[in-house]
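Worksheet: the structure to be examined is printed underneath.
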Amino acid sequence: MDDTRSETDVPQPVRAIGINHIALEVGDLDEALTFYGKLFQFEQRGRSETQAEIDLGDQFIALVLGRTQPADVKRHVGLVVENKEAVRAALLANGVDILPLPDRFLDFLDPWGNRIEIIGYENIQFTKADHVLRGMGLDHLRKTESAIEELSAKDMRPD
């Protein structure tokens with residue numbers, strides 16, 4: 001058998017276009033749903049004995065039983081929110097420690113050591129389609145000029 005291949009035989013990398021969901025390992029599903037419910041409004045998508053899914057717009061988080069590793073130090077999940085300062089207030093009101101970082105960051109550890117970074121929608125590079133924002137009741141959200149500049153540089157300026 002001949003192992004020589006031409007360049008046309010080698011598969012090309014596939015373009016990734018987004019993230020559908022993330023999975024966070026937790027110690028207790030009911031406690032996790034209660035904890036995250038104090039911080040964020042969400043709909044529960046589904047549930048089994050070992051996993052619960054919560055909708056975040058057109059993506060979701062899977063809360064999965066089984067966290068055994070130590071708390072995250074640098075690895076984190078960035079969640080985009082309508083109002084970053086409202087999350088800060090909810091964290092403080094619920095006794096959740098905010099990690100000591102420069103003012104532009106808002107990071108915390110959940111009870112199982114998952115590091116979560118909170119980012120305001122207006123400051124991020126990605127955009128939600130108008131119909132998705134409308135369906136989420138968030139069609140009032142606008143981008144900052146710096147976010148629009150980043151999007152424009154990639155020919156993705158919102159209308």
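Letters A, B, ... go to the chains of the structure tokens in the order shown; residues in each chain start at 1; ligands are counted from 1 in the same order.
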
Spatial neighbours of Asp103 in chain A, 12 Å, only C-alpha atoms, chain gap at least 4 places, as a PyMOL selection string: chain A and resi 84-85+88+98-99+107+118-119

Out of range 2-159 of chain A, which residues get helix (DSSP H, G or I) from DSSP, as an MDAnalysis selection string? chainID A and resid 7:9 29:39 84:93 121:123 130:135 145:153

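Nearest-residue note for Ala62 in chain A: choosing from A:Leu91, A:Val80, A:Ala86, A:Ala23, the minimum distance belongs to A:Ala23, counting only C-alpha atoms.
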
Contact residues around Gly120 in chain A with only C-alpha atoms at 10 Å, ignoring same-chain residues under 5 positions, as number ranges by chain: A: 79-85, 87, 106, 143

Could you write those residues out with N, CA and C atoms, as a short mmCIF file (atom, residue, chain, number, x, y, z; two decimals), in the first residue's frame?
```
data_model
loop_
_atom_site.label_atom_id
_atom_site.label_comp_id
_atom_site.auth_asym_id
_atom_site.auth_seq_id
_atom_site.Cartn_x
_atom_site.Cartn_y
_atom_site.Cartn_z
N LEU A 79 -18.90 35.11 30.76
CA LEU A 79 -20.34 35.21 30.52
C LEU A 79 -20.68 36.66 30.19
N VAL A 80 -21.43 36.85 29.13
CA VAL A 80 -21.84 38.18 28.70
C VAL A 80 -23.19 38.50 29.32
N VAL A 81 -23.29 39.70 29.89
CA VAL A 81 -24.51 40.09 30.57
C VAL A 81 -25.01 41.44 30.07
N GLU A 82 -26.26 41.69 30.35
CA GLU A 82 -26.89 42.97 30.01
C GLU A 82 -26.34 44.09 30.88
N ASN A 83 -26.07 43.80 32.17
CA ASN A 83 -25.68 44.83 33.11
C ASN A 83 -24.65 44.26 34.08
N LYS A 84 -23.39 44.53 33.81
CA LYS A 84 -22.30 44.00 34.62
C LYS A 84 -22.38 44.49 36.07
N GLU A 85 -22.74 45.74 36.28
CA GLU A 85 -22.78 46.28 37.64
C GLU A 85 -23.91 45.65 38.46
N VAL A 87 -24.71 42.53 38.20
CA VAL A 87 -24.14 41.25 38.65
C VAL A 87 -23.21 41.49 39.83
N LEU A 106 -14.49 41.54 36.26
CA LEU A 106 -15.39 41.11 37.34
C LEU A 106 -15.40 39.59 37.32
N LYS A 143 -23.65 48.82 21.39
CA LYS A 143 -22.21 48.60 21.52
C LYS A 143 -21.48 49.91 21.79
#
```

Polymer residues at most 7 Å from range 46-52 of chain A, only C-alpha atoms, same-chain spacing of 4 or more positions, as number ranges by chain: A: 29, 62-65

Keeping all heavy atoms for every residue in the selection just given, could you write it to a file as a compact mmCIF listing (two decimals), in the first residue's frame?
```txt
# COMPACT_ATOMS: atom_id res chain seq x y z
N LEU A 29 -26.53 19.64 41.85
CA LEU A 29 -27.31 20.34 40.83
C LEU A 29 -28.29 21.34 41.42
O LEU A 29 -28.42 22.46 40.93
CB LEU A 29 -28.04 19.35 39.93
CG LEU A 29 -27.18 18.48 39.03
CD1 LEU A 29 -28.05 17.52 38.22
CD2 LEU A 29 -26.33 19.34 38.10
N ALA A 62 -24.26 23.71 30.60
CA ALA A 62 -24.60 22.41 31.19
C ALA A 62 -23.91 22.35 32.55
O ALA A 62 -22.69 22.45 32.64
CB ALA A 62 -24.12 21.28 30.28
N LEU A 63 -24.71 22.24 33.59
CA LEU A 63 -24.17 22.02 34.94
C LEU A 63 -24.12 20.52 35.15
O LEU A 63 -25.15 19.85 35.10
CB LEU A 63 -25.08 22.70 35.97
CG LEU A 63 -25.27 24.20 35.80
CD1 LEU A 63 -26.37 24.72 36.71
CD2 LEU A 63 -23.96 24.95 36.03
N VAL A 64 -22.91 19.99 35.33
CA VAL A 64 -22.70 18.55 35.36
C VAL A 64 -22.12 18.14 36.71
O VAL A 64 -21.18 18.76 37.20
CB VAL A 64 -21.73 18.15 34.22
CG1 VAL A 64 -21.52 16.65 34.18
CG2 VAL A 64 -22.22 18.66 32.87
N LEU A 65 -22.68 17.09 37.30
CA LEU A 65 -22.14 16.59 38.56
C LEU A 65 -20.74 16.04 38.35
O LEU A 65 -20.45 15.41 37.33
CB LEU A 65 -23.03 15.47 39.11
CG LEU A 65 -24.33 15.90 39.74
CD1 LEU A 65 -25.11 14.68 40.22
CD2 LEU A 65 -24.10 16.86 40.89
```
